[in-house]
file work_24.txt (compact mmCIF, C-alpha atoms)
# COMPACT_ATOMS: atom_id res chain seq x y z
CA MET A 882 143.40 104.90 89.52
CA ASP A 883 143.74 107.78 87.04
CA TYR A 884 140.26 107.26 85.69
CA THR A 885 138.02 110.31 85.57
CA LEU A 886 134.33 109.73 86.00
CA SER A 887 132.05 111.41 83.53
CA PHE A 888 128.29 111.26 83.54
CA SER A 889 127.53 114.09 81.15
CA PHE A 890 127.40 111.88 78.05
CA ILE A 891 124.31 110.18 79.47
CA LEU A 892 122.32 113.36 78.88
CA ARG A 893 122.78 112.94 75.16
CA TYR A 894 120.90 109.65 75.37
CA TRP A 895 118.00 110.91 77.46
CA GLU A 896 115.46 109.87 74.83
CA LEU A 897 116.69 106.28 74.89
CA ILE A 898 116.57 106.23 78.69
CA VAL A 899 113.05 107.63 78.90
CA THR A 900 111.76 105.20 76.25
CA SER A 901 113.43 102.29 78.01
CA VAL A 902 112.01 103.21 81.40
CA TRP A 903 108.59 103.27 79.79
CA LEU A 904 109.20 99.88 78.13
CA THR A 905 110.16 98.38 81.50
CA ILE A 906 107.06 99.81 83.17
CA ARG A 907 104.82 98.72 80.32
CA ILE A 908 106.01 95.10 80.14
CA CYS A 909 105.67 94.80 83.92
CA LEU A 910 102.20 96.29 84.00
CA ILE A 911 100.94 94.03 81.18
CA ALA A 912 102.51 90.95 82.76
CA THR A 913 101.11 91.90 86.16
CA VAL A 914 97.58 92.29 84.79
CA LEU A 915 97.87 88.91 83.04
CA GLY A 916 99.48 87.35 86.12
CA LEU A 917 96.79 88.69 88.45
CA SER A 918 94.11 87.31 86.11
CA ILE A 919 95.78 83.89 86.17
CA GLY A 920 96.12 84.18 89.94
CA THR A 921 92.49 85.17 90.52
CA ILE A 922 91.13 82.36 88.33
CA PHE A 923 93.43 79.72 89.80
CA ALA A 924 92.89 80.84 93.39
CA GLY A 925 89.15 80.76 92.73
CA LEU A 926 89.41 77.24 91.28
CA GLN A 927 91.41 76.13 94.31
CA THR A 928 88.56 77.09 96.64
CA THR A 929 86.44 74.38 94.96
CA LYS A 930 88.77 71.78 96.58
CA LEU A 931 88.31 69.50 93.53
CA PRO A 932 91.52 67.53 92.93
CA ILE A 933 91.27 67.90 89.12
CA PHE A 934 91.80 71.63 89.66
CA THR A 935 93.85 71.82 92.81
CA ALA A 936 96.52 69.22 91.93
CA PRO A 937 97.68 70.79 88.63
CA ILE A 938 97.46 74.31 90.09
CA ARG A 939 99.55 73.28 93.10
CA ALA A 940 102.13 71.73 90.76
CA TYR A 941 102.23 74.90 88.63
CA VAL A 942 102.70 77.16 91.63
CA GLU A 943 105.42 75.00 93.20
CA ILE A 944 107.36 74.45 89.97
CA ILE A 945 107.43 78.14 89.10
CA ARG A 946 108.27 79.27 92.62
CA ASN A 947 111.09 76.78 93.05
CA THR A 948 112.97 77.35 89.79
CA PRO A 949 114.85 80.48 88.65
CA PHE A 950 113.07 82.90 86.34
CA LEU A 951 116.04 82.87 83.96
CA VAL A 952 115.59 79.14 83.36
CA GLN A 953 111.87 79.64 82.75
CA LEU A 954 112.70 82.38 80.27
CA PHE A 955 115.15 80.17 78.37
CA PHE A 956 112.66 77.32 78.43
CA PHE A 957 110.00 79.40 76.66
CA PHE A 958 112.25 81.42 74.38
CA PHE A 959 114.47 78.64 73.06
CA GLY A 960 111.83 75.97 73.50
CA LEU A 961 109.14 77.64 71.43
CA SER A 962 111.53 78.57 68.65
CA SER A 963 112.81 74.97 68.53
CA MET A 964 109.22 73.87 67.92
CA GLY A 965 109.19 76.08 64.86
CA ILE A 966 107.04 78.73 66.50
CA SER A 967 108.79 81.93 65.67
CA ILE A 968 108.32 84.28 68.54
CA SER A 969 109.82 87.67 69.24
CA ALA A 970 112.03 88.19 72.28
CA TYR A 971 109.46 90.64 73.61
CA ALA A 972 106.61 88.13 73.32
CA ALA A 973 108.68 85.38 74.94
CA ALA A 974 109.60 87.73 77.77
CA LEU A 975 105.96 88.72 78.26
CA ILE A 976 104.81 85.07 78.34
CA ALA A 977 107.53 84.05 80.80
CA LEU A 978 106.92 87.07 83.04
CA SER A 979 103.14 86.50 83.11
CA ILE A 980 103.44 82.79 83.87
CA ASN A 981 105.97 83.56 86.58
CA THR A 982 103.98 86.27 88.30
CA GLY A 983 100.78 84.22 87.89
CA ALA A 984 102.18 81.58 90.25
CA TYR A 985 103.04 84.12 92.94
CA ALA A 986 99.67 85.85 92.50
CA THR A 987 97.81 82.53 92.87
CA GLU A 988 99.51 81.90 96.19
CA ILE A 989 98.95 85.44 97.49
CA ILE A 990 95.29 85.63 96.47
CA ARG A 991 94.54 82.18 97.89
CA ALA A 992 95.94 83.32 101.24
CA GLY A 993 93.87 86.51 100.98
CA ILE A 994 90.61 84.62 100.44
CA GLU A 995 91.42 82.25 103.29
CA SER A 996 92.13 85.17 105.62
CA VAL A 997 88.43 86.13 105.73
CA SER A 998 86.94 84.11 108.57
CA LYS A 999 84.03 81.76 107.99
CA GLY A 1000 82.07 83.35 110.82
CA GLN A 1001 81.73 86.56 108.86
CA LEU A 1002 80.19 84.73 105.93
CA ASP A 1003 77.74 82.96 108.23
CA ALA A 1004 76.88 86.28 109.86
CA GLY A 1005 76.23 87.75 106.41
CA TYR A 1006 73.92 84.89 105.42
CA ALA A 1007 72.17 85.10 108.78
CA LEU A 1008 71.38 88.75 108.03
CA GLY A 1009 69.71 87.58 104.84
CA LEU A 1010 72.37 88.76 102.38
CA SER A 1011 72.65 86.93 99.07
CA ARG A 1012 75.84 85.08 98.06
CA LEU A 1013 76.75 87.93 95.74
CA GLN A 1014 76.19 90.52 98.45
CA VAL A 1015 78.28 88.53 100.88
CA PHE A 1016 81.07 88.31 98.32
CA LYS A 1017 80.85 91.96 97.31
CA ASP A 1018 80.29 93.59 100.70
CA ILE A 1019 82.14 91.26 103.05
CA ILE A 1020 84.80 89.15 101.36
CA LEU A 1021 86.08 91.35 98.55
CA GLY A 1022 87.12 94.44 100.50
CA GLN A 1023 88.86 92.48 103.22
CA ALA A 1024 90.56 90.09 100.82
CA VAL A 1025 91.85 92.94 98.65
CA ARG A 1026 93.05 94.77 101.69
CA ALA A 1027 94.76 91.63 103.01
CA VAL A 1028 96.61 90.91 99.75
CA TYR A 1029 97.40 94.51 98.78
CA PRO A 1030 100.76 94.80 100.61
CA SER A 1031 101.99 91.42 99.31
CA ILE A 1032 100.88 92.14 95.75
CA THR A 1033 102.54 95.56 95.64
CA ASN A 1034 105.75 94.23 97.23
CA GLN A 1035 105.74 91.44 94.71
CA PHE A 1036 105.28 93.95 91.90
CA ILE A 1037 108.41 95.86 92.87
CA LEU A 1038 110.52 92.69 93.21
CA PHE A 1039 109.06 91.58 89.90
CA MET A 1040 109.96 94.85 88.19
CA LEU A 1041 113.55 94.55 89.38
CA GLY A 1042 113.61 90.91 88.31
CA SER A 1043 112.35 91.83 84.85
CA SER A 1044 115.81 93.24 84.07
CA VAL A 1045 116.72 89.64 83.25
CA VAL A 1046 114.66 89.61 80.04
CA SER A 1047 117.33 91.78 78.39
CA VAL A 1048 119.38 88.57 78.13
CA ILE A 1049 117.23 87.22 75.31
CA GLY A 1050 117.22 90.63 73.64
CA ALA A 1051 113.90 92.03 74.83
CA GLN A 1052 114.24 95.78 74.85
CA GLU A 1053 113.86 97.48 78.18
CA LEU A 1054 115.98 99.44 80.62
CA THR A 1055 118.77 96.90 81.16
CA TYR A 1056 118.98 96.33 77.43
CA ALA A 1057 119.48 100.07 77.00
CA ALA A 1058 122.21 99.98 79.65
CA ASN A 1059 124.07 97.28 77.75
CA PHE A 1060 123.63 99.22 74.52
CA LEU A 1061 124.97 102.44 76.06
CA GLN A 1062 127.84 100.56 77.62
CA SER A 1063 128.90 99.08 74.28
CA ARG A 1064 128.64 102.51 72.65
CA THR A 1065 130.62 104.49 75.20
CA PHE A 1066 132.73 101.90 77.08
CA ARG A 1067 131.92 103.83 80.23
CA SER A 1068 130.55 100.76 81.96
CA PHE A 1069 130.83 102.00 85.54
CA GLU A 1070 128.95 105.24 84.88
CA VAL A 1071 126.30 103.60 82.73
CA TYR A 1072 125.51 100.78 85.15
CA LEU A 1073 125.62 103.07 88.16
CA PHE A 1074 123.25 105.48 86.47
CA VAL A 1075 120.81 102.76 85.42
CA THR A 1076 120.97 101.20 88.89
CA VAL A 1077 119.94 104.56 90.32
CA VAL A 1078 117.14 104.82 87.75
CA TYR A 1079 115.84 101.42 88.91
CA PHE A 1080 116.06 102.60 92.50
CA GLY A 1081 114.07 105.69 91.59
CA LEU A 1082 111.48 103.53 89.87
CA SER A 1083 111.03 101.19 92.81
CA TYR A 1084 110.87 104.17 95.18
CA PHE A 1085 108.29 105.88 92.98
CA PHE A 1086 106.08 102.79 92.86
CA ARG A 1087 106.39 102.24 96.60
CA MET A 1088 105.22 105.81 97.26
CA LEU A 1089 102.43 105.47 94.69
CA PHE A 1090 101.14 102.22 96.19
CA HIS A 1091 101.35 103.69 99.66
CA ALA A 1092 99.41 106.81 98.67
CA PHE A 1093 96.78 104.67 96.99
CA GLU A 1094 96.51 102.45 100.04
CA SER A 1095 95.77 105.28 102.46
CA PHE A 1096 93.28 106.73 99.98
CA ALA A 1097 91.44 103.57 98.96
CA PHE A 1098 91.38 101.57 102.18
CA ALA A 1099 90.61 104.41 104.57
CA LYS A 1100 87.11 103.04 105.14
CA ILE A 1101 88.00 99.36 105.50
CA PRO A 1102 89.18 98.65 109.03
CA GLU A 1103 92.55 96.99 109.39
CA ARG A 1104 92.41 93.73 111.27
CA MET B 33 121.85 58.72 70.35
CA GLN B 34 118.91 59.90 72.39
CA GLU B 35 120.22 58.24 75.54
CA PHE B 36 123.72 59.46 74.91
CA VAL B 37 122.54 63.07 74.90
CA PHE B 38 120.43 62.56 77.99
CA PHE B 39 123.02 60.94 80.23
CA ASP B 40 125.91 63.03 79.01
CA ALA B 41 123.92 66.19 79.58
CA LEU B 42 122.79 65.02 82.98
CA ARG B 43 126.35 64.26 84.09
CA THR B 44 127.58 67.68 82.95
CA LEU B 45 124.68 69.42 84.63
CA ILE B 46 125.22 67.66 87.92
CA TRP B 47 128.87 68.66 87.77
CA ALA B 48 127.85 72.29 87.23
CA THR B 49 125.41 72.07 90.14
CA GLN B 50 128.41 72.04 92.49
CA TRP B 51 129.10 75.64 91.51
CA THR B 52 125.49 76.64 92.08
CA LEU B 53 125.66 75.08 95.54
CA LEU B 54 129.03 76.67 96.31
CA LEU B 55 127.81 80.11 95.24
CA SER B 56 124.67 79.71 97.34
CA LEU B 57 126.80 78.72 100.32
CA ILE B 58 129.12 81.72 99.88
CA ALA B 59 126.19 84.10 99.42
CA PHE B 60 124.33 82.75 102.43
CA THR B 61 127.25 82.62 104.88
CA CYS B 62 128.99 85.87 103.85
CA GLY B 63 125.64 87.59 103.28
CA GLY B 64 124.48 86.29 106.64
CA ALA B 65 127.57 87.64 108.44
CA LEU B 66 127.24 91.05 106.78
CA GLY B 67 123.49 90.93 107.33
CA LEU B 68 123.97 90.34 111.05
CA ILE B 69 126.21 93.40 111.34
CA LEU B 70 123.71 95.49 109.36
CA MET B 71 120.85 94.26 111.52
CA VAL B 72 122.67 95.27 114.72
CA MET B 73 123.40 98.67 113.15
CA ARG B 74 119.77 99.02 112.06
CA ILE B 75 118.43 98.66 115.62
CA SER B 76 121.35 100.39 117.36
CA PRO B 77 120.79 103.53 119.47
CA ILE B 78 123.39 105.39 117.39
CA ARG B 79 121.61 107.37 114.70
CA PRO B 80 124.23 107.52 111.88
CA LEU B 81 124.65 103.73 112.05
CA ARG B 82 120.88 103.32 111.77
CA TRP B 83 120.74 105.68 108.80
CA PHE B 84 123.57 103.96 106.99
CA SER B 85 122.07 100.53 107.48
CA ARG B 86 118.64 101.71 106.44
CA PHE B 87 119.97 103.29 103.27
CA TYR B 88 121.99 100.16 102.46
CA ILE B 89 118.96 97.92 102.85
CA GLU B 90 116.65 100.20 100.85
CA PHE B 91 119.18 100.66 98.08
CA PHE B 92 120.08 97.03 97.54
CA GLN B 93 116.49 95.86 97.92
CA GLY B 94 115.39 98.55 95.49
CA THR B 95 117.77 97.78 92.63
CA PRO B 96 118.06 94.67 90.43
CA LEU B 97 120.64 92.06 91.38
CA LEU B 98 121.58 91.90 87.70
CA MET B 99 122.59 95.60 87.75
CA GLN B 100 124.67 95.03 90.88
CA LEU B 101 126.41 92.14 89.13
CA PHE B 102 127.10 94.26 86.03
CA LEU B 103 128.34 97.14 88.15
CA ILE B 104 130.87 94.90 89.89
CA PHE B 105 131.87 92.72 86.97
CA PHE B 106 131.95 95.33 84.16
CA GLY B 107 131.99 98.63 86.01
CA LEU B 108 134.42 98.23 88.87
CA PRO B 109 137.41 97.01 86.78
CA VAL B 110 137.28 100.25 84.77
CA LEU B 111 137.51 102.20 88.00
CA ILE B 112 140.20 100.22 89.81
CA GLY B 113 142.17 99.05 86.80
CA TYR B 114 142.06 95.34 87.63
CA ASN B 115 139.82 92.66 86.24
CA ILE B 116 137.64 90.83 88.71
CA SER B 117 136.99 87.15 88.03
CA PRO B 118 133.38 86.04 87.47
CA LEU B 119 133.50 83.95 90.66
CA LEU B 120 134.67 86.87 92.77
CA SER B 121 132.21 89.32 91.17
CA ALA B 122 129.37 86.85 91.65
CA SER B 123 130.35 86.24 95.28
CA ILE B 124 130.57 89.96 96.06
CA ALA B 125 127.28 90.87 94.37
CA LEU B 126 125.35 87.95 95.88
CA THR B 127 126.79 88.69 99.33
CA ILE B 128 125.83 92.36 99.19
CA TYR B 129 122.35 91.54 97.92
CA THR B 130 121.67 88.69 100.34
CA ALA B 131 122.86 90.78 103.31
CA ALA B 132 120.26 93.46 102.54
CA PHE B 133 117.39 90.97 102.65
CA LEU B 134 118.61 88.85 105.57
CA SER B 135 119.23 91.88 107.79
CA ASP B 136 115.70 93.07 107.10
CA ILE B 137 114.24 89.64 107.89
CA TRP B 138 116.25 89.35 111.10
CA ARG B 139 115.39 92.86 112.23
CA GLY B 140 111.74 91.80 112.10
CA CYS B 141 112.56 88.79 114.29
CA VAL B 142 114.47 90.87 116.85
CA GLU B 143 111.70 93.45 117.00
CA ALA B 144 109.20 90.66 117.65
CA ILE B 145 110.89 90.02 121.01
CA PRO B 146 108.99 91.97 123.68
CA ARG B 147 110.60 95.11 125.15
CA GLY B 148 110.40 93.52 128.60
CA GLN B 149 113.16 91.06 127.66
CA TRP B 150 115.57 93.94 127.05
CA GLU B 151 114.51 95.61 130.27
CA GLY B 152 114.92 92.35 132.17
CA GLY B 153 118.47 92.11 130.86
CA ALA B 154 119.13 95.71 131.84
CA ALA B 155 117.77 95.05 135.34
CA LEU B 156 120.29 92.22 135.67
CA GLY B 157 123.05 94.72 134.89
CA LEU B 158 123.78 93.55 131.35
CA SER B 159 125.11 96.11 128.90
CA TYR B 160 123.27 96.87 125.66
CA LEU B 161 125.37 94.43 123.63
CA GLN B 162 125.09 91.78 126.33
CA GLN B 163 121.30 92.12 126.34
CA LEU B 164 121.35 91.68 122.60
CA ARG B 165 123.80 88.79 122.63
CA PHE B 166 122.52 86.78 125.61
CA VAL B 167 118.83 87.64 125.88
CA VAL B 168 117.36 88.85 122.62
CA ILE B 169 119.27 87.11 119.82
CA PRO B 170 118.89 83.57 121.23
CA GLN B 171 115.11 84.04 121.28
CA ALA B 172 115.00 85.82 117.93
CA PHE B 173 117.14 83.07 116.41
CA ARG B 174 114.39 80.51 116.89
CA ILE B 175 111.75 82.51 115.03
CA SER B 176 114.22 83.54 112.34
CA ILE B 177 114.88 80.00 111.10
CA PRO B 178 111.78 79.48 108.90
CA PRO B 179 112.03 82.82 106.99
CA SER B 180 115.81 82.42 106.63
CA ILE B 181 115.45 78.99 105.06
CA GLY B 182 112.67 80.40 102.89
CA PHE B 183 115.06 83.10 101.72
CA LEU B 184 117.75 80.50 101.04
CA VAL B 185 115.47 79.34 98.20
CA GLN B 186 115.69 82.86 96.72
CA VAL B 187 119.48 82.77 97.11
CA VAL B 188 119.77 79.49 95.20
CA LYS B 189 117.53 80.85 92.43
CA ASN B 190 119.44 84.14 92.33
CA THR B 191 122.75 82.39 91.67
CA SER B 192 121.36 81.63 88.19
CA LEU B 193 121.92 85.30 87.26
CA THR B 194 125.66 84.81 87.46
CA ALA B 195 125.30 82.83 84.21
CA ILE B 196 124.82 86.20 82.50
CA ILE B 197 128.33 87.38 83.38
CA GLY B 198 129.67 84.05 82.13
CA PHE B 199 130.13 82.13 85.35
CA VAL B 200 129.59 78.46 84.50
CA GLU B 201 127.09 77.18 87.01
CA LEU B 202 123.92 75.20 86.42
CA THR B 203 122.07 77.70 84.21
CA ARG B 204 125.11 78.62 82.13
CA GLN B 205 125.93 74.95 81.66
CA GLY B 206 122.36 74.46 80.47
CA GLN B 207 122.80 77.28 77.95
CA ILE B 208 126.04 75.74 76.67
CA LEU B 209 124.45 72.31 76.35
CA ASN B 210 121.50 73.83 74.55
CA ASN B 211 123.81 75.47 72.04
CA VAL B 212 125.45 72.09 71.36
CA THR B 213 122.39 69.84 71.30
CA PHE B 214 119.58 72.19 70.13
CA ARG B 215 117.23 70.43 72.54
CA PRO B 216 116.02 73.34 74.68
CA PHE B 217 112.96 71.61 76.17
CA LEU B 218 115.00 68.61 77.28
CA ILE B 219 117.95 70.61 78.60
CA PHE B 220 116.03 73.35 80.39
CA THR B 221 113.58 70.83 81.87
CA MET B 222 116.58 69.02 83.34
CA VAL B 223 118.09 72.29 84.59
CA GLY B 224 114.75 73.32 86.09
CA ALA B 225 114.32 69.88 87.67
CA ILE B 226 117.70 70.12 89.42
CA TYR B 227 116.84 73.56 90.81
CA PHE B 228 113.47 72.21 91.89
CA LEU B 229 115.09 69.27 93.69
CA ILE B 230 117.24 71.73 95.65
CA CYS B 231 114.59 74.37 96.33
CA TYR B 232 111.39 72.43 96.89
CA PRO B 233 112.59 70.53 99.99
CA LEU B 234 113.84 73.83 101.44
CA SER B 235 110.49 75.56 100.78
CA THR B 236 108.55 72.69 102.30
CA TYR B 237 110.85 72.49 105.31
CA SER B 238 110.58 76.24 105.90
CA LYS B 239 106.79 76.07 105.69
CA SER B 240 106.53 73.13 108.09
CA LEU B 241 108.84 74.84 110.61
CA GLU B 242 106.67 77.92 110.38
CA THR B 243 103.46 76.05 111.16
CA LYS B 244 105.18 74.21 113.99
CA LEU B 245 106.39 77.50 115.46
CA SER B 246 103.01 79.23 115.17
CA ARG B 247 101.34 76.26 116.86
CA GLN B 248 103.72 76.53 119.82
CA ALA B 249 103.04 80.22 120.22
call {"tool": "encode", "arguments": {"input": "work_24.txt", "output": "structure tokens"}}
result
Amino acid sequence: MDYTLSFSFILRYWELIVTSVWLTIRICLIATVLGLSIGTIFAGLQTTKLPIFTAPIRAYVEIIRNTPFLVQLFFFFFGLSSMGISISAYAAALIALSINTGAYATEIIRAGIESVSKGQLDAGYALGLSRLQVFKDIILGQAVRAVYPSITNQFILFMLGSSVVSVIGAQELTYAANFLQSRTFRSFEVYLFVTVVYFGLSYFFRMLFHAFESFAFAKIPER
Amino acid sequence: MQEFVFFDALRTLIWATQWTLLLSLIAFTCGGALGLILMVMRISPIRPLRWFSRFYIEFFQGTPLLMQLFLIFFGLPVLIGYNISPLLSASIALTIYTAAFLSDIWRGCVEAIPRGQWEGGAALGLSYLQQLRFVVIPQAFRISIPPSIGFLVQVVKNTSLTAIIGFVELTRQGQILNNVTFRPFLIFTMVGAIYFLICYPLSTYSKSLETKLSRQA
């Protein structure tokens, strides 16, 4: 137990840390935008109730949600390169992250659309509103408000989960931690520091989402 | 040749699945025990206990499980001067992580029990812990089953991260087989299928319990 802790060396690598934090945020934001697009389209297709759409979408959602992300990552990264498609670790990570979050988004958005009661739509039509007006003025606000907490929660879990992509060599915050660790051999300090950075990140996003919520949804009544 | 690879791989993978199941069991039972203590602390009338539990939950929910694994497997040995085996590191990290989530889930269930139940217990002369033990927890237990089983799915999936510190469970075995056979689609489809066979029934069961419960209410 004669080990002396030292954190000061981390300061020398501040540029690496800042860049890596940004890389983590960036890959998560891009994957979230792609995932939300997948989710919106698929959830929309599911409302048609046509089996040609709903059956494959159901299968996609269930397969992704019931298998570990790490296995999905290996499947795409090693799988695509075995097919002769040369793909960078970053691209493979982005594809796997987007496909993963797309499944969760599909499920969340579907629940959000279903949460708006049919009676409200009928009331809208009865008042002579067009389909577009009903969608824009009645469904959209309520659905967004209903899914907002789940989506933002999911984003934070997703950001923490994205640390896994360092395994295939995609550069982000965890990758930087491993690099620093191999440089300095101060594994406890490095991992503790990076853990705290992740905590700060998730705290920051939670506050940001919360501030946005009270600002944006002030006019839409909570049900 | 084709069949040889398939059946040999399948047998090895099923063998490795034992470790995935064992880890899940350790994480869920030890994490559940720790989670129960944290939940009681979180709702207790004593402020420092509440603060501690709240910080614990926020911290371990707000940091990646992978970092917690690294911190215990790579970081802790430097500090204490002993190596910690992958199995022990994995068990500790998964327990700590699972406890944070389960205690939060269970707190929600306990808080869903109306205040009047506590007061009824108090009127019968039960102490605080007796009210909790004999009145509130038995009722909260019923509503906690669906979300707990739902979270068990996350636990099973999370055990895959222990592959990264070199613990040979299902995912790590898949990686090893892939290195030998160079058949990533085949191997990782099989690995994924095994996880799916474990997780999907749990997800479905959790969902059906939930609808049953909400219909009763």
call {"tool": "interface_residues", "arguments": {"input": "work_24.txt", "of": "chain B", "to": "chain A", "cutoff": "9 Å", "atoms": "all atoms listed in the file", "output": "PyMOL selection string"}}
result
chain B and resi 90-100+102-104+106-113+185-186+188-193+196+203+206-207+210+214-221+223-232+235
call {"tool": "residues_around", "arguments": {"input": "work_24.txt", "residues": "Val1025 of chain A", "least_positions_apart": "2", "cutoff": "12 Å", "atoms": "only C-alpha atoms", "output": "PyMOL selection string"}}
result
chain A and resi 921+989-997+1016-1023+1027-1033+1094+1097-1098+1101+1103
call {"tool": "write_last_selection", "arguments": {"input": "work_24.txt", "atoms": "C-alpha atoms", "output": "compact mmCIF listing (two decimals), in the frame of the given file"}}
result
# COMPACT_ATOMS: atom_id res chain seq x y z
CA THR A 921 92.49 85.17 90.52
CA ILE A 989 98.95 85.44 97.49
CA ILE A 990 95.29 85.63 96.47
CA ARG A 991 94.54 82.18 97.89
CA ALA A 992 95.94 83.32 101.24
CA GLY A 993 93.87 86.51 100.98
CA ILE A 994 90.61 84.62 100.44
CA GLU A 995 91.42 82.25 103.29
CA SER A 996 92.13 85.17 105.62
CA VAL A 997 88.43 86.13 105.73
CA PHE A 1016 81.07 88.31 98.32
CA LYS A 1017 80.85 91.96 97.31
CA ASP A 1018 80.29 93.59 100.70
CA ILE A 1019 82.14 91.26 103.05
CA ILE A 1020 84.80 89.15 101.36
CA LEU A 1021 86.08 91.35 98.55
CA GLY A 1022 87.12 94.44 100.50
CA GLN A 1023 88.86 92.48 103.22
CA ALA A 1027 94.76 91.63 103.01
CA VAL A 1028 96.61 90.91 99.75
CA TYR A 1029 97.40 94.51 98.78
CA PRO A 1030 100.76 94.80 100.61
CA SER A 1031 101.99 91.42 99.31
CA ILE A 1032 100.88 92.14 95.75
CA THR A 1033 102.54 95.56 95.64
CA GLU A 1094 96.51 102.45 100.04
CA ALA A 1097 91.44 103.57 98.96
CA PHE A 1098 91.38 101.57 102.18
CA ILE A 1101 88.00 99.36 105.50
CA GLU A 1103 92.55 96.99 109.39
call {"tool": "atom_distance", "arguments": {"input": "work_24.txt", "atom1": "atom CA of Phe105 of chain B", "atom2": "atom CA of Ser121 of chain B"}}
result
5.4 Å
call {"tool": "residues_around", "arguments": {"input": "work_24.txt", "residues": "Ala59 of chain B", "least_positions_apart": "5", "cutoff": "10 Å", "atoms": "all atoms listed in the file", "output": "CSV table (one decimal) with C-alpha atoms, in the coordinates of the input"}}
result
chain,number,residue,atom,x,y,z
B,53,LEU,CA,125.7,75.1,95.5
B,54,LEU,CA,129.0,76.7,96.3
B,64,GLY,CA,124.5,86.3,106.6
B,65,ALA,CA,127.6,87.6,108.4
B,122,ALA,CA,129.4,86.8,91.6
B,123,SER,CA,130.4,86.2,95.3
B,124,ILE,CA,130.6,90.0,96.1
B,125,ALA,CA,127.3,90.9,94.4
B,126,LEU,CA,125.4,88.0,95.9
B,127,THR,CA,126.8,88.7,99.3
B,128,ILE,CA,125.8,92.4,99.2
B,129,TYR,CA,122.4,91.5,97.9
B,130,THR,CA,121.7,88.7,100.3
B,131,ALA,CA,122.9,90.8,103.3
B,184,LEU,CA,117.8,80.5,101.0
B,187,VAL,CA,119.5,82.8,97.1
B,188,VAL,CA,119.8,79.5,95.2
B,190,ASN,CA,119.4,84.1,92.3
B,191,THR,CA,122.8,82.4,91.7
call {"tool": "atom_distance", "arguments": {"input": "work_24.txt", "atom1": "atom CA of Ile145 of chain B", "atom2": "atom CA of Arg82 of chain B"}}
result
19.0 Å
call {"tool": "closest_residue", "arguments": {"input": "work_24.txt", "among": "A:Ala940, A:Ile980, A:Ala1057, A:Thr1065", "to": "Trp903 of chain A", "atoms": "only C-alpha atoms"}}
result
A:Ala1057
call {"tool": "atom_distance", "arguments": {"input": "work_24.txt", "atom1": "atom CA of Ser238 of chain B", "atom2": "atom CA of Gly182 of chain B"}}
result
5.5 Å
call {"tool": "residues_around", "arguments": {"input": "work_24.txt", "residues": "Trp51 of chain B", "least_positions_apart": "2", "cutoff": "8 Å", "atoms": "only C-alpha atoms", "output": "PDB file with C-alpha atoms, in the coordinates of the input"}}
result
ATOM      1  CA  TRP B  47     128.870  68.660  87.770  1.00  0.00           C
ATOM      2  CA  ALA B  48     127.850  72.290  87.230  1.00  0.00           C
ATOM      3  CA  THR B  49     125.410  72.070  90.140  1.00  0.00           C
ATOM      4  CA  LEU B  53     125.660  75.080  95.540  1.00  0.00           C
ATOM      5  CA  LEU B  54     129.030  76.670  96.310  1.00  0.00           C
ATOM      6  CA  LEU B  55     127.810  80.110  95.240  1.00  0.00           C
ATOM      7  CA  VAL B 200     129.590  78.460  84.500  1.00  0.00           C
ATOM      8  CA  GLU B 201     127.090  77.180  87.010  1.00  0.00           C
ATOM      9  CA  LEU B 202     123.920  75.200  86.420  1.00  0.00           C
TER      10      LEU B 202
END
call {"tool": "closest_residue", "arguments": {"input": "work_24.txt", "among": "A:Ser1047, A:Thr905, A:Ser967, A:Thr913", "to": "Asn981 of chain A", "atoms": "all atoms listed in the file"}}
result
A:Thr913
call {"tool": "residues_around", "arguments": {"input": "work_24.txt", "residues": "Gly916 of chain A", "least_positions_apart": "4", "cutoff": "9 Å", "atoms": "all atoms listed in the file", "output": "mmCIF file with C-alpha atoms, in the coordinates of the input"}}
result
data_model
loop_
_atom_site.group_PDB
_atom_site.id
_atom_site.type_symbol
_atom_site.label_atom_id
_atom_site.label_comp_id
_atom_site.auth_asym_id
_atom_site.auth_seq_id
_atom_site.Cartn_x
_atom_site.Cartn_y
_atom_site.Cartn_z
ATOM 1 C CA ILE A 911 100.940 94.030 81.180
ATOM 2 C CA ALA A 912 102.510 90.950 82.760
ATOM 3 C CA GLY A 920 96.120 84.180 89.940
ATOM 4 C CA THR A 921 92.490 85.170 90.520
ATOM 5 C CA LEU A 978 106.920 87.070 83.040
ATOM 6 C CA SER A 979 103.140 86.500 83.110
ATOM 7 C CA ILE A 980 103.440 82.790 83.870
ATOM 8 C CA ASN A 981 105.970 83.560 86.580
ATOM 9 C CA THR A 982 103.980 86.270 88.300
ATOM 10 C CA GLY A 983 100.780 84.220 87.890
ATOM 11 C CA ALA A 984 102.180 81.580 90.250
ATOM 12 C CA TYR A 985 103.040 84.120 92.940
ATOM 13 C CA ALA A 986 99.670 85.850 92.500
ATOM 14 C CA THR A 987 97.810 82.530 92.870
#
call {"tool": "closest_residue", "arguments": {"input": "work_24.txt", "among": "B:Gln149, B:Asn115, B:Ser180, B:Thr44", "to": "Arg165 of chain B", "atoms": "all atoms listed in the file"}}
result
B:Gln149
call {"tool": "residues_around", "arguments": {"input": "work_24.txt", "residues": "Pro77 of chain B", "least_positions_apart": "6", "cutoff": "12 Å", "atoms": "only C-alpha atoms", "output": "number ranges by chain"}}
result
B: 83, 160-161
call {"tool": "closest_residue", "arguments": {"input": "work_24.txt", "among": "B:Val142, B:Ile181, B:Leu156, B:Ile175", "to": "Ile75 of chain B", "atoms": "only C-alpha atoms"}}
result
B:Val142
call {"tool": "closest_residue", "arguments": {"input": "work_24.txt", "among": "B:Ser176, B:Asn211, B:Gln171, B:Gln162", "to": "Ser135 of chain B", "atoms": "only C-alpha atoms"}}
result
B:Ser176
